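Working notes, beginning with the structure itself.
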Amino acid sequence: MYAPLYLNSSSGKPPLRIGLLLDTKMLPACFAETLGQIARSNFARLELVVFNGDAQPQSLDSPPPRSFIRRTLAILAERKRRRKLLFALYQRWDAKHISEAQDPLREVDCGEYLKGIESLTVTPVAKRFVHRFPEDAVRRLREKNLDVLIRFGFNILRGDILQAARYGVWSYHHGDNNEYRGGPAYFWELYEDNPLSGAVLQVLTEELDAGKVLHKGIFATCRGVSWARNRVQPYWGSTTFLIQKLRQLHECGWERVDAEALPPEPYRGKTKIYTAPTNGQMLRWFAPQLIRTFVRRTLRLVRGRRLPHWRLALNWGSQSCIAGDGKTDLTRFQWIESPPGHFYADPFLIEHSGKPWVFFEDFDYRAQKGVIACAEVTGKGISKVIPALEKPYHLSYPCVFWDEAGLYLVPESNSNKTVELYRCTRFPDAWETVATLMQIPAVDTTVWVEDGLYWFFVTLKEARGAALQLCLFYSRTLTGEWTSHPQNPIATDVRFSRGAGAIFKEQGKLFRPSQDCSGNYGRRCTLNEIVVLNEREYRERPRTAVVAEGIPGILGTHTYSRLGQLEVIDGYTLASVRRLLR
C-alpha cells in the first residue's frame with residue numbers, strides 16, 4: 001500500500017544499475033513484492049541476476065518430500081537435530097495461525113520479473129555458513145558497473161563481493177540488529193517478552209549483522225505464542241525500505257543516503273548469536289505461555305469479555321505540559337464519563353466566538369461505528385454533546401483547524417480508504433465536503449498551517465500489517481496537489497508513527513503529539529518537539545511522555561490537545577461487554 005509513494009524519481013539522472021543475488025527464482029512473497037517495486041520504478045533497472053550454484057532448484061526426478069512421520073524419525077536419528085525436535089513440532093503447529101495470503105515467507109515464482117535479464121551462476125567458496133565469491137566472478141560483476149547489489153540469496157557474504165558494486169551489497173536483517181543477531185527472526189522477541197520487533201536495511205560489511213544501517217523500522221511484537229503471527233507485520237511493513245532508499249540514492253546521491261544512515265550502537269543482545277531453541281528452552285517458554293492462555297480464557301468465561309472503554313479528561317491551569325521530569329502529571333485532570341453504550345475519544349480543542357470547544361469521536365458500541373461530536377468546554381466540564389458529522393462509515397480523530405476561509409475538519413475515514421476535507425457552514429453541526437485529499441488507507445491525519453504552507457502528517461496503513469509509516473506532505477493551497485517530503489517516511493516506529501492530537505506551540509516551540517503503541521494500542525502519548533520543518537528536511541525529538549500513571553483504573557491514553565491553558569486527553573479502562581451494551 002505504501003509503494004506508490006516511492007516508485008518515481010524527479011531526477012533526470014540515468015537509472016540505477018541493479019544486480020540481484022538469488023538462490024533460485026523462487027523468493028519469499030515479501031521479497032517478491034520488493035522486486036516488483038523495483039521493476040515498476042522509473043529510476044532503477046535490473047542489469048544482472050547472480051544465482052547460487054549450490055542452491056539450484058531440484059530436478060523433476062527428485063524424490064517426493066517425506067511424510068511427517070519419516071521427517072520426525074530422521075530428526076530423532078541425529079543428536080543435534082533431536083535437541084531441537086520440539087521447535088520443529090512447534091513450527092508445524094504454528095503454521096496454522098496465519099493464512100497463505102498473510103504469510104510473508106510463502107514462496108513465489110519471480111521468473112516474470114527476471115525475463116530478459118542477463119544471468120550468471122556462481123558457486124561460492126563455502127566455509128560453514130560463510131560464502132566468498134571466486135576472483136573471476138567478482139571481476140565479472142565489477143565489469144557490469146553496478147550501483148547496488150541486492151542480496152536475496154546466498155549465505156553470510158564475506159570478501160571482495162562486498163565491494164563489487166559502487167554502493168555495496170544491500171540486505172535486509174529481520175530483527176533489531178542491536179538486540180538480535182542470528183535467528184530465527186522474530187521468535188526470540190516472543191520468547192524474551194520484548195514488546196518491540198525490528199527490521200533493518202543495511203549495507204553488508206565483514207561483521208555479521210553489523211553493517212551500515214540505511215533504514216530501521218520498529219514494530220509492535222504480536223504478543224502470545226504464535227511466531228508466525230509475529231512475523232507478519234515486520235516482514236510486510238519493511239517491504240518498501242529498499243525502494244525508499246534506492247529512490248533517495250537516485251534523487252539525492254550517496255552523500256544524502258550515507259548522512260542519514262543510523263550511527264552504530266553497542267550490541268545489547270542476551271546472546272552473541274541466537275539460534276533455534278533447544279527442547280529445554282521450548283519447555284521453559286511454551287508451557288508457561290499455555291498456562292497463561294488457559295488462565296486468561298478461564299477469567300473471560302467467569303467475568304465475561306471486556307473491551308477498552310474510553311473517556312475524556314480536562315485540565316485548566318497554567319502549568320506547562322512540557323514537564324522537567326519528562327512526564328506530564330495527569331492527576332490534575334477532571335474525568336468525564338462517557339454515556340452508556342458509547343465511548344468518547346480522540347479529543348481536539350478549538351476556539352469559536354471566544355469560547356473553547358472540544359471535538360471528539362463518539363463511538364456507538366451497538367452500531368460499531370463512530371461519529372464526530374462536539375461540546376463547549378465549561379468550568380464544570382462540557383456542555384450538552386452535539387452530533388457534528390456522521391457518514392455511512394466510521395469516523396474518528398477529528399482534526400479541526402482554522403484557515404483564512406473558515407473552520408475546517410479532516411476526520412479519520414480509514415474505513416472508507418480516504419482522507420477527506422470538510423468546511424463548516426454552520427457551527428458546530430453543519431459541514432460540507434470540500435475535497436478528497438487522498439484515496440488510500442490512512443489514519444490520524446494531522447494538519448499544520450504555517451508561513452503559507454499546509455503540512456499534512458499522515459500515517460499510512462499496510463493492509464497485512466498495521467499503521468506504521470508516518471509520511472509528511474505539503475501544499476501551497478489547502479486543496480492543492482500534495483508534494484511528498486523527500487525524507488518520507490519521517491517515522492517508521494510504532495512508538496512515534498501515529499498522530500495523537502493537534503500540533504501546537506508551547507514556549508515558542510512546535511510540538512507534535514504521537515501515540516506510543518508498543519506493548520499495546522493506546523498505551524501512552526509522546527510530545528515531540530519539531531526541531532526542523534521545511535521542504536527539504538524534517539527533524540523532531542521526544543520531549544515529554546503523557547503516561548496514565550497514578551490514576552485508578554486508567555490503563556492508557558492516546559490523544560492530547562492543548563488550547564492556551566486548557567488541556568484535554570482521553571484514557572481507557574477495561575469494562576465488560578454486558579455493561580457497555582446495556
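By order in the C-alpha cells, chains are A, B, ...; within a chain, residues start at 1; ligands start at 1, following the order shown.
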
Residues within 8 Å of Arg231 in chain A, please, as an NGL selection string. Count only C-alpha atoms; anything in the same chain fewer than 5 positions from it doesn't count.
:A and (104 or 185-186)

Output C-alpha atoms for every residue in that selection, as a tab-separated table (two decimals), in the first residue's frame.
```tsv
chain	number	residue	atom	x	y	z
A	104	PRO	CA	5.34	-13.20	4.04
A	185	ALA	CA	13.81	-13.93	13.11
A	186	TYR	CA	11.02	-12.71	15.43
```

With only C-alpha atoms counted and 12 Å as the cut-off, give the residues of range 324-374 of chain A in contact with range 439-463 of chain A, each with its shortest interatomic distance in Å and the pair that gives it, as a Markdown table.
```
| residue | atom | partner | partner_atom | distance |
| --- | --- | --- | --- | --- |
| A:Asp346 | CA | A:Asp444 | CA | 9.5 |
| A:Pro347 | CA | A:Asp444 | CA | 11.9 |
| A:Phe348 | CA | A:Thr446 | CA | 10.7 |
```

For the residues in the current selection, export N, CA, C and O atoms as a compact mmCIF listing (two decimals), in the first residue's frame.
```txt
# COMPACT_ATOMS: atom_id res chain seq x y z
N ASP A 346 -10.28 10.63 21.18
CA ASP A 346 -9.66 11.47 20.14
C ASP A 346 -10.07 12.95 20.26
O ASP A 346 -10.56 13.54 19.30
N PRO A 347 -9.87 13.61 21.40
CA PRO A 347 -10.33 15.00 21.53
C PRO A 347 -9.42 16.01 20.84
O PRO A 347 -8.19 15.90 20.87
N PHE A 348 -10.02 17.03 20.22
CA PHE A 348 -9.32 18.17 19.62
C PHE A 348 -10.00 19.45 20.13
O PHE A 348 -11.23 19.55 20.09
```

Considering only C-alpha atoms, can you say which of A:Ile38, A:Leu85, A:Val494, A:Ile350 comes closest to Leu246 in chain A?
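Looking at the shortest contact to Leu246 in chain A, the residue is A:Ile38.
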
Quick one: contact table of range 163-260 of chain A to range 137-157 of chain A, 7 Å max, nearest atom pair and distance in Å to one decimal per residue, counting only C-alpha atoms, chain and number order, as JSON lines?
```
{"residue": "A:Ala164", "atom": "CA", "partner": "A:Arg142", "partner_atom": "CA", "distance": 5.3}
{"residue": "A:Ala165", "atom": "CA", "partner": "A:Leu146", "partner_atom": "CA", "distance": 5.0}
{"residue": "A:Arg166", "atom": "CA", "partner": "A:Asp147", "partner_atom": "CA", "distance": 4.7}
{"residue": "A:Tyr167", "atom": "CA", "partner": "A:Val148", "partner_atom": "CA", "distance": 5.4}
{"residue": "A:Gly168", "atom": "CA", "partner": "A:Val148", "partner_atom": "CA", "distance": 5.7}
{"residue": "A:Val169", "atom": "CA", "partner": "A:Leu149", "partner_atom": "CA", "distance": 4.6}
{"residue": "A:Trp170", "atom": "CA", "partner": "A:Ile150", "partner_atom": "CA", "distance": 4.9}
{"residue": "A:Ser171", "atom": "CA", "partner": "A:Arg151", "partner_atom": "CA", "distance": 5.2}
```

I need the chosen residues saved as a PDB file, in the first residue's frame, with N, CA and C atoms.
```pdb
ATOM      1  N   ALA A 164      31.869  -5.213  -4.817  1.00  0.00           N
ATOM      2  CA  ALA A 164      31.737  -5.433  -6.259  1.00  0.00           C
ATOM      3  C   ALA A 164      30.802  -4.438  -6.928  1.00  0.00           C
ATOM      4  N   ALA A 165      29.938  -3.767  -6.161  1.00  0.00           N
ATOM      5  CA  ALA A 165      29.051  -2.727  -6.692  1.00  0.00           C
ATOM      6  C   ALA A 165      29.435  -1.387  -6.075  1.00  0.00           C
ATOM      7  N   ARG A 166      29.145  -0.319  -6.769  1.00  0.00           N
ATOM      8  CA  ARG A 166      29.582   1.025  -6.357  1.00  0.00           C
ATOM      9  C   ARG A 166      29.156   1.359  -4.922  1.00  0.00           C
ATOM     10  N   TYR A 167      27.928   1.021  -4.564  1.00  0.00           N
ATOM     11  CA  TYR A 167      27.426   1.355  -3.229  1.00  0.00           C
ATOM     12  C   TYR A 167      27.189   0.113  -2.372  1.00  0.00           C
ATOM     13  N   GLY A 168      27.876  -0.973  -2.733  1.00  0.00           N
ATOM     14  CA  GLY A 168      27.897  -2.142  -1.885  1.00  0.00           C
ATOM     15  C   GLY A 168      26.740  -3.109  -2.074  1.00  0.00           C
ATOM     16  N   VAL A 169      26.693  -4.094  -1.178  1.00  0.00           N
ATOM     17  CA  VAL A 169      25.634  -5.114  -1.164  1.00  0.00           C
ATOM     18  C   VAL A 169      24.615  -4.728  -0.103  1.00  0.00           C
ATOM     19  N   TRP A 170      23.362  -4.527  -0.530  1.00  0.00           N
ATOM     20  CA  TRP A 170      22.290  -4.147   0.380  1.00  0.00           C
ATOM     21  C   TRP A 170      21.497  -5.400   0.752  1.00  0.00           C
ATOM     22  N   SER A 171      21.139  -5.491   2.033  1.00  0.00           N
ATOM     23  CA  SER A 171      20.457  -6.691   2.502  1.00  0.00           C
ATOM     24  C   SER A 171      19.552  -6.350   3.674  1.00  0.00           C
TER      25      SER A 171
END
```

When DSSP is applied to the backbone of this structure, which of range 6-166 of chain A are assigned helix (DSSP H, G or I)? Write them out as a JSON list (two decimals) with N, CA and C atoms, in the first residue's frame.
```json
[["chain", "number", "residue", "atom", "x", "y", "z"],
["A", 6, "TYR", "N", 6.85, 5.79, -3.64],
["A", 6, "TYR", "CA", 8.29, 5.70, -3.80],
["A", 6, "TYR", "C", 8.73, 5.19, -5.17],
["A", 29, "ALA", "N", 7.44, -14.24, -0.45],
["A", 29, "ALA", "CA", 6.49, -13.28, -1.02],
["A", 29, "ALA", "C", 6.86, -11.84, -0.70],
["A", 30, "CYS", "N", 7.40, -11.58, 0.49],
["A", 30, "CYS", "CA", 7.76, -10.20, 0.84],
["A", 30, "CYS", "C", 8.88, -9.69, -0.05],
["A", 31, "PHE", "N", 9.86, -10.54, -0.38],
["A", 31, "PHE", "CA", 10.95, -10.13, -1.27],
["A", 31, "PHE", "C", 10.45, -10.01, -2.71],
["A", 32, "ALA", "N", 9.52, -10.88, -3.08],
["A", 32, "ALA", "CA", 8.94, -10.79, -4.42],
["A", 32, "ALA", "C", 8.24, -9.45, -4.61],
["A", 33, "GLU", "N", 7.56, -8.98, -3.55],
["A", 33, "GLU", "CA", 6.90, -7.68, -3.64],
["A", 33, "GLU", "C", 7.92, -6.56, -3.81],
["A", 34, "THR", "N", 9.02, -6.64, -3.09],
["A", 34, "THR", "CA", 10.08, -5.63, -3.22],
["A", 34, "THR", "C", 10.67, -5.65, -4.62],
["A", 35, "LEU", "N", 10.87, -6.83, -5.16],
["A", 35, "LEU", "CA", 11.40, -6.95, -6.52],
["A", 35, "LEU", "C", 10.43, -6.33, -7.53],
["A", 36, "GLY", "N", 9.14, -6.53, -7.31],
["A", 36, "GLY", "CA", 8.14, -5.92, -8.20],
["A", 36, "GLY", "C", 8.17, -4.41, -8.14],
["A", 37, "GLN", "N", 8.44, -3.84, -6.98],
["A", 37, "GLN", "CA", 8.55, -2.39, -6.85],
["A", 37, "GLN", "C", 9.71, -1.86, -7.68],
["A", 38, "ILE", "N", 10.84, -2.54, -7.65],
["A", 38, "ILE", "CA", 11.99, -2.13, -8.46],
["A", 38, "ILE", "C", 11.63, -2.18, -9.94],
["A", 39, "ALA", "N", 10.95, -3.26, -10.34],
["A", 39, "ALA", "CA", 10.59, -3.41, -11.76],
["A", 39, "ALA", "C", 9.65, -2.30, -12.22],
["A", 40, "ARG", "N", 8.78, -1.80, -11.32],
["A", 40, "ARG", "CA", 7.81, -0.77, -11.70],
["A", 40, "ARG", "C", 8.35, 0.66, -11.55],
["A", 68, "PHE", "N", 5.40, -36.63, 7.35],
["A", 68, "PHE", "CA", 5.71, -36.04, 8.64],
["A", 68, "PHE", "C", 6.38, -37.06, 9.57],
["A", 69, "ILE", "N", 5.88, -38.30, 9.56],
["A", 69, "ILE", "CA", 6.45, -39.33, 10.44],
["A", 69, "ILE", "C", 7.90, -39.62, 10.05],
["A", 70, "ARG", "N", 8.17, -39.73, 8.75],
["A", 70, "ARG", "CA", 9.54, -40.01, 8.31],
["A", 70, "ARG", "C", 10.47, -38.84, 8.66],
["A", 71, "ARG", "N", 9.99, -37.60, 8.51],
["A", 71, "ARG", "CA", 10.82, -36.45, 8.86],
["A", 71, "ARG", "C", 11.12, -36.44, 10.35],
["A", 72, "THR", "N", 10.11, -36.78, 11.17],
["A", 72, "THR", "CA", 10.32, -36.81, 12.63],
["A", 72, "THR", "C", 11.33, -37.89, 13.00],
["A", 73, "LEU", "N", 11.24, -39.06, 12.37],
["A", 73, "LEU", "CA", 12.19, -40.14, 12.65],
["A", 73, "LEU", "C", 13.60, -39.74, 12.24],
["A", 74, "ALA", "N", 13.71, -38.98, 11.14],
["A", 74, "ALA", "CA", 15.03, -38.52, 10.70],
["A", 74, "ALA", "C", 15.65, -37.56, 11.71],
["A", 75, "ILE", "N", 14.80, -36.70, 12.30],
["A", 75, "ILE", "CA", 15.29, -35.77, 13.32],
["A", 75, "ILE", "C", 15.76, -36.54, 14.55],
["A", 76, "LEU", "N", 14.98, -37.55, 14.96],
["A", 76, "LEU", "CA", 15.33, -38.34, 16.14],
["A", 76, "LEU", "C", 16.64, -39.10, 15.94],
["A", 77, "ALA", "N", 16.96, -39.41, 14.69],
["A", 77, "ALA", "CA", 18.17, -40.20, 14.42],
["A", 77, "ALA", "C", 19.45, -39.38, 14.55],
["A", 79, "ARG", "N", 21.62, -36.49, 16.69],
["A", 79, "ARG", "CA", 21.67, -35.89, 18.02],
["A", 79, "ARG", "C", 21.42, -34.39, 17.98],
["A", 80, "LYS", "N", 22.09, -33.67, 17.07],
["A", 80, "LYS", "CA", 21.94, -32.21, 17.03],
["A", 80, "LYS", "C", 20.50, -31.81, 16.70],
["A", 81, "ARG", "N", 19.91, -32.50, 15.75],
["A", 81, "ARG", "CA", 18.54, -32.17, 15.37],
["A", 81, "ARG", "C", 17.56, -32.62, 16.44],
["A", 82, "ARG", "N", 17.88, -33.72, 17.14],
["A", 82, "ARG", "CA", 17.00, -34.23, 18.19],
["A", 82, "ARG", "C", 16.85, -33.22, 19.32],
["A", 85, "LEU", "N", 13.89, -30.91, 18.49],
["A", 85, "LEU", "CA", 12.68, -31.54, 17.97],
["A", 85, "LEU", "C", 11.43, -30.75, 18.34],
["A", 86, "LEU", "N", 11.34, -30.27, 19.57],
["A", 86, "LEU", "CA", 10.14, -29.56, 19.99],
["A", 86, "LEU", "C", 9.91, -28.29, 19.16],
["A", 87, "PHE", "N", 10.99, -27.63, 18.78],
["A", 87, "PHE", "CA", 10.84, -26.44, 17.95],
["A", 87, "PHE", "C", 10.30, -26.82, 16.57],
["A", 88, "ALA", "N", 10.76, -27.94, 16.02],
["A", 88, "ALA", "CA", 10.25, -28.40, 14.73],
["A", 88, "ALA", "C", 8.76, -28.72, 14.81],
["A", 89, "LEU", "N", 8.35, -29.38, 15.90],
["A", 89, "LEU", "CA", 6.93, -29.69, 16.09],
["A", 89, "LEU", "C", 6.12, -28.41, 16.30],
["A", 90, "TYR", "N", 6.69, -27.48, 17.04],
["A", 90, "TYR", "CA", 6.01, -26.19, 17.27],
["A", 90, "TYR", "C", 5.79, -25.45, 15.95],
["A", 91, "GLN", "N", 6.79, -25.44, 15.07],
["A", 91, "GLN", "CA", 6.64, -24.77, 13.77],
["A", 91, "GLN", "C", 5.48, -25.36, 12.98],
["A", 92, "ARG", "N", 5.38, -26.68, 13.00],
["A", 92, "ARG", "CA", 4.28, -27.32, 12.26],
["A", 92, "ARG", "C", 2.94, -26.90, 12.84],
["A", 93, "TRP", "N", 2.82, -26.89, 14.16],
["A", 93, "TRP", "CA", 1.57, -26.45, 14.82],
["A", 93, "TRP", "C", 1.29, -24.98, 14.54],
["A", 94, "ASP", "N", 2.33, -24.15, 14.60],
["A", 94, "ASP", "CA", 2.15, -22.70, 14.49],
["A", 94, "ASP", "C", 1.78, -22.26, 13.08],
["A", 95, "ALA", "N", 2.13, -23.06, 12.07],
["A", 95, "ALA", "CA", 1.85, -22.67, 10.67],
["A", 95, "ALA", "C", 0.37, -22.46, 10.41],
["A", 96, "LYS", "N", -0.48, -23.02, 11.26],
["A", 96, "LYS", "CA", -1.94, -22.89, 11.06],
["A", 96, "LYS", "C", -2.48, -21.56, 11.56],
["A", 97, "HIS", "N", -1.64, -20.72, 12.15],
["A", 97, "HIS", "CA", -2.13, -19.48, 12.76],
["A", 97, "HIS", "C", -2.20, -18.30, 11.79],
["A", 111, "GLY", "N", 10.06, -15.50, -11.84],
["A", 111, "GLY", "CA", 10.61, -15.58, -13.19],
["A", 111, "GLY", "C", 10.14, -14.48, -14.11],
["A", 112, "GLU", "N", 8.90, -14.00, -13.90],
["A", 112, "GLU", "CA", 8.36, -12.95, -14.77],
["A", 112, "GLU", "C", 9.18, -11.67, -14.67],
["A", 113, "TYR", "N", 9.67, -11.33, -13.48],
["A", 113, "TYR", "CA", 10.47, -10.12, -13.30],
["A", 113, "TYR", "C", 11.87, -10.26, -13.89],
["A", 114, "LEU", "N", 12.32, -11.51, -14.07],
["A", 114, "LEU", "CA", 13.71, -11.75, -14.47],
["A", 114, "LEU", "C", 13.87, -12.04, -15.95],
["A", 135, "GLU", "N", 37.48, -15.11, -7.50],
["A", 135, "GLU", "CA", 38.00, -13.87, -8.08],
["A", 135, "GLU", "C", 37.41, -13.58, -9.45],
["A", 136, "ASP", "N", 37.28, -14.61, -10.28],
["A", 136, "ASP", "CA", 36.76, -14.36, -11.63],
["A", 136, "ASP", "C", 35.31, -13.89, -11.60],
["A", 137, "ALA", "N", 34.52, -14.40, -10.62],
["A", 137, "ALA", "CA", 33.13, -13.97, -10.50],
["A", 137, "ALA", "C", 33.06, -12.51, -10.06],
["A", 138, "VAL", "N", 33.91, -12.11, -9.11],
["A", 138, "VAL", "CA", 33.94, -10.72, -8.66],
["A", 138, "VAL", "C", 34.34, -9.81, -9.81],
["A", 139, "ARG", "N", 35.32, -10.26, -10.61],
["A", 139, "ARG", "CA", 35.77, -9.43, -11.74],
["A", 139, "ARG", "C", 34.63, -9.23, -12.74],
["A", 140, "ARG", "N", 33.87, -10.29, -13.05],
["A", 140, "ARG", "CA", 32.76, -10.17, -14.00],
["A", 140, "ARG", "C", 31.67, -9.24, -13.45],
["A", 141, "LEU", "N", 31.44, -9.29, -12.14],
["A", 141, "LEU", "CA", 30.46, -8.40, -11.54],
["A", 141, "LEU", "C", 30.90, -6.93, -11.66],
["A", 142, "ARG", "N", 32.17, -6.69, -11.40],
["A", 142, "ARG", "CA", 32.65, -5.31, -11.49],
["A", 142, "ARG", "C", 32.58, -4.77, -12.92],
["A", 143, "GLU", "N", 32.73, -5.64, -13.88],
["A", 143, "GLU", "CA", 32.63, -5.22, -15.28],
["A", 143, "GLU", "C", 31.23, -4.72, -15.63],
["A", 160, "ASP", "N", 35.66, -9.90, -1.27],
["A", 160, "ASP", "CA", 35.60, -8.84, -2.29],
["A", 160, "ASP", "C", 34.21, -8.62, -2.86],
["A", 161, "ILE", "N", 33.30, -9.60, -2.75],
["A", 161, "ILE", "CA", 31.95, -9.41, -3.27],
["A", 161, "ILE", "C", 31.28, -8.19, -2.63],
["A", 162, "LEU", "N", 31.66, -7.86, -1.39],
["A", 162, "LEU", "CA", 31.03, -6.75, -0.67],
["A", 162, "LEU", "C", 31.34, -5.40, -1.32],
["A", 163, "GLN", "N", 32.42, -5.34, -2.14],
["A", 163, "GLN", "CA", 32.76, -4.09, -2.83],
["A", 163, "GLN", "C", 32.60, -4.21, -4.34]]
```

Do a neighbour search on Pro428 in chain A at 10 Å with only C-alpha atoms, toss out local chain neighbours closer than 4 positions, and write the hits as a VMD selection string.
chain A and resid 352 357 359 373 to 376 386 to 389 407 424

Hey, can you spit out that residue selection with C-alpha atoms as a PDB file, in the first residue's frame?
```
ATOM      1  CA  HIS A 352     -15.063  29.611  18.477  1.00  0.00           C
ATOM      2  CA  TRP A 357     -14.931  23.703  22.203  1.00  0.00           C
ATOM      3  CA  PHE A 359     -14.455  17.851  19.050  1.00  0.00           C
ATOM      4  CA  ALA A 373     -19.391  15.019  18.100  1.00  0.00           C
ATOM      5  CA  CYS A 374     -18.569  18.244  19.951  1.00  0.00           C
ATOM      6  CA  ALA A 375     -19.368  20.232  23.062  1.00  0.00           C
ATOM      7  CA  GLU A 376     -18.494  23.577  24.602  1.00  0.00           C
ATOM      8  CA  ILE A 386     -23.899  17.824  19.807  1.00  0.00           C
ATOM      9  CA  PRO A 387     -23.504  15.480  16.786  1.00  0.00           C
ATOM     10  CA  ALA A 388     -21.322  17.322  14.258  1.00  0.00           C
ATOM     11  CA  LEU A 389     -20.632  14.934  11.371  1.00  0.00           C
ATOM     12  CA  LEU A 407     -13.184  26.350  10.033  1.00  0.00           C
ATOM     13  CA  CYS A 424     -18.039  24.281   8.478  1.00  0.00           C
TER      14      CYS A 424
END
```

Residues near range 306-315 of chain A, anyone? I mean within 8 Å using only C-alpha atoms, not counting same-chain ones fewer than 5 positions away, as a list in words.
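Answer for this query is Arg300, Arg332, Phe333, Gln334, Trp335, Ile336, Glu337, Ser338, Phe343, Tyr344, Ala345, Pro347, Gly381, Leu566, Glu567, Val568, Ile569, Asp570, Gly571, Tyr572, Thr573, Leu574, Ala575, Ser576 and Val577 of chain A.
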
Range 21-59 of chain A: residues DSSP assigns to strand (DSSP E), reported as a PyMOL selection string:
chain A and resi 21-22+26-28+44-52

Go ahead and save the residues from that selection, with N, CA, C and O atoms, as a PDB file, in the first residue's frame.
```
ATOM      1  N   LEU A  21      21.325 -10.953  -6.072  1.00  0.00           N
ATOM      2  CA  LEU A  21      21.959 -12.185  -5.613  1.00  0.00           C
ATOM      3  C   LEU A  21      20.852 -13.111  -5.123  1.00  0.00           C
ATOM      4  O   LEU A  21      20.224 -12.851  -4.089  1.00  0.00           O
ATOM      5  N   LEU A  22      20.585 -14.180  -5.873  1.00  0.00           N
ATOM      6  CA  LEU A  22      19.465 -15.073  -5.581  1.00  0.00           C
ATOM      7  C   LEU A  22      19.954 -16.507  -5.456  1.00  0.00           C
ATOM      8  O   LEU A  22      20.969 -16.891  -6.045  1.00  0.00           O
ATOM      9  N   MET A  26      12.595 -18.699  -7.059  1.00  0.00           N
ATOM     10  CA  MET A  26      11.562 -18.726  -6.028  1.00  0.00           C
ATOM     11  C   MET A  26      12.018 -17.863  -4.856  1.00  0.00           C
ATOM     12  O   MET A  26      13.082 -18.094  -4.274  1.00  0.00           O
ATOM     13  N   LEU A  27      11.197 -16.854  -4.498  1.00  0.00           N
ATOM     14  CA  LEU A  27      11.530 -15.941  -3.413  1.00  0.00           C
ATOM     15  C   LEU A  27      10.394 -15.894  -2.400  1.00  0.00           C
ATOM     16  O   LEU A  27       9.222 -16.100  -2.759  1.00  0.00           O
ATOM     17  N   PRO A  28      10.693 -15.581  -1.140  1.00  0.00           N
ATOM     18  CA  PRO A  28       9.611 -15.293  -0.195  1.00  0.00           C
ATOM     19  C   PRO A  28       8.724 -14.180  -0.735  1.00  0.00           C
ATOM     20  O   PRO A  28       9.205 -13.252  -1.423  1.00  0.00           O
ATOM     21  N   ALA A  44      15.293   2.676 -11.407  1.00  0.00           N
ATOM     22  CA  ALA A  44      16.173   1.535 -11.152  1.00  0.00           C
ATOM     23  C   ALA A  44      15.929   0.478 -12.226  1.00  0.00           C
ATOM     24  O   ALA A  44      14.782   0.212 -12.604  1.00  0.00           O
ATOM     25  N   ARG A  45      17.017  -0.110 -12.717  1.00  0.00           N
ATOM     26  CA  ARG A  45      16.900  -1.107 -13.787  1.00  0.00           C
ATOM     27  C   ARG A  45      17.724  -2.336 -13.415  1.00  0.00           C
ATOM     28  O   ARG A  45      18.912  -2.225 -13.059  1.00  0.00           O
ATOM     29  N   LEU A  46      17.090  -3.509 -13.498  1.00  0.00           N
ATOM     30  CA  LEU A  46      17.800  -4.752 -13.235  1.00  0.00           C
ATOM     31  C   LEU A  46      18.741  -5.059 -14.396  1.00  0.00           C
ATOM     32  O   LEU A  46      18.312  -5.135 -15.551  1.00  0.00           O
ATOM     33  N   GLU A  47      20.029  -5.226 -14.090  1.00  0.00           N
ATOM     34  CA  GLU A  47      21.041  -5.462 -15.115  1.00  0.00           C
ATOM     35  C   GLU A  47      21.617  -6.873 -15.059  1.00  0.00           C
ATOM     36  O   GLU A  47      22.097  -7.378 -16.076  1.00  0.00           O
ATOM     37  N   LEU A  48      21.584  -7.503 -13.887  1.00  0.00           N
ATOM     38  CA  LEU A  48      22.233  -8.802 -13.749  1.00  0.00           C
ATOM     39  C   LEU A  48      21.595  -9.574 -12.594  1.00  0.00           C
ATOM     40  O   LEU A  48      21.294  -9.001 -11.547  1.00  0.00           O
ATOM     41  N   VAL A  49      21.407 -10.882 -12.823  1.00  0.00           N
ATOM     42  CA  VAL A  49      20.943 -11.781 -11.767  1.00  0.00           C
ATOM     43  C   VAL A  49      22.026 -12.822 -11.535  1.00  0.00           C
ATOM     44  O   VAL A  49      22.463 -13.498 -12.472  1.00  0.00           O
ATOM     45  N   VAL A  50      22.487 -12.927 -10.300  1.00  0.00           N
ATOM     46  CA  VAL A  50      23.525 -13.892  -9.935  1.00  0.00           C
ATOM     47  C   VAL A  50      22.880 -15.012  -9.125  1.00  0.00           C
ATOM     48  O   VAL A  50      22.352 -14.762  -8.027  1.00  0.00           O
ATOM     49  N   PHE A  51      22.894 -16.222  -9.664  1.00  0.00           N
ATOM     50  CA  PHE A  51      22.299 -17.365  -8.988  1.00  0.00           C
ATOM     51  C   PHE A  51      23.356 -18.140  -8.215  1.00  0.00           C
ATOM     52  O   PHE A  51      24.507 -18.248  -8.643  1.00  0.00           O
ATOM     53  N   ASN A  52      22.938 -18.673  -7.093  1.00  0.00           N
ATOM     54  CA  ASN A  52      23.794 -19.500  -6.251  1.00  0.00           C
ATOM     55  C   ASN A  52      23.891 -20.900  -6.842  1.00  0.00           C
ATOM     56  O   ASN A  52      22.896 -21.636  -6.890  1.00  0.00           O
TER      57      ASN A  52
END
```

Neighbour list for Ser413 in chain A as a PyMOL selection string, cut-off 12 Å, only C-alpha atoms, skip fewer than 5 positions in-chain
chain A and resi 361+369-372+389-399+418-422+436-445

I need the residue nearest Leu262 in chain A from this list: A:Leu290, A:Val213, A:Ile218, A:Leu478. Use only C-alpha atoms for the distance.
A:Val213

I want to know what sits within 7 Å of Ala55 in chain A, based on only C-alpha atoms, with residues of the same chain fewer than 2 positions away left out; could you give that as a compact mmCIF listing (two decimals) with N, CA, C and O atoms, in the first residue's frame?
```txt
# COMPACT_ATOMS: atom_id res chain seq x y z
N ASP A 23 19.19 -17.31 -4.72
CA ASP A 23 19.40 -18.74 -4.73
C ASP A 23 18.71 -19.36 -5.94
O ASP A 23 19.32 -20.09 -6.72
N THR A 24 17.42 -19.07 -6.08
CA THR A 24 16.64 -19.55 -7.22
C THR A 24 15.65 -18.46 -7.60
O THR A 24 15.62 -17.39 -7.00
N ASN A 52 22.94 -18.67 -7.09
CA ASN A 52 23.79 -19.50 -6.25
C ASN A 52 23.89 -20.90 -6.84
O ASN A 52 22.90 -21.64 -6.89
N GLY A 53 25.09 -21.28 -7.29
CA GLY A 53 25.26 -22.59 -7.92
C GLY A 53 25.04 -23.75 -6.98
O GLY A 53 24.81 -24.88 -7.42
N PRO A 57 17.34 -25.20 -8.20
CA PRO A 57 16.10 -25.95 -7.91
C PRO A 57 16.27 -27.43 -8.21
O PRO A 57 17.06 -27.83 -9.06
```
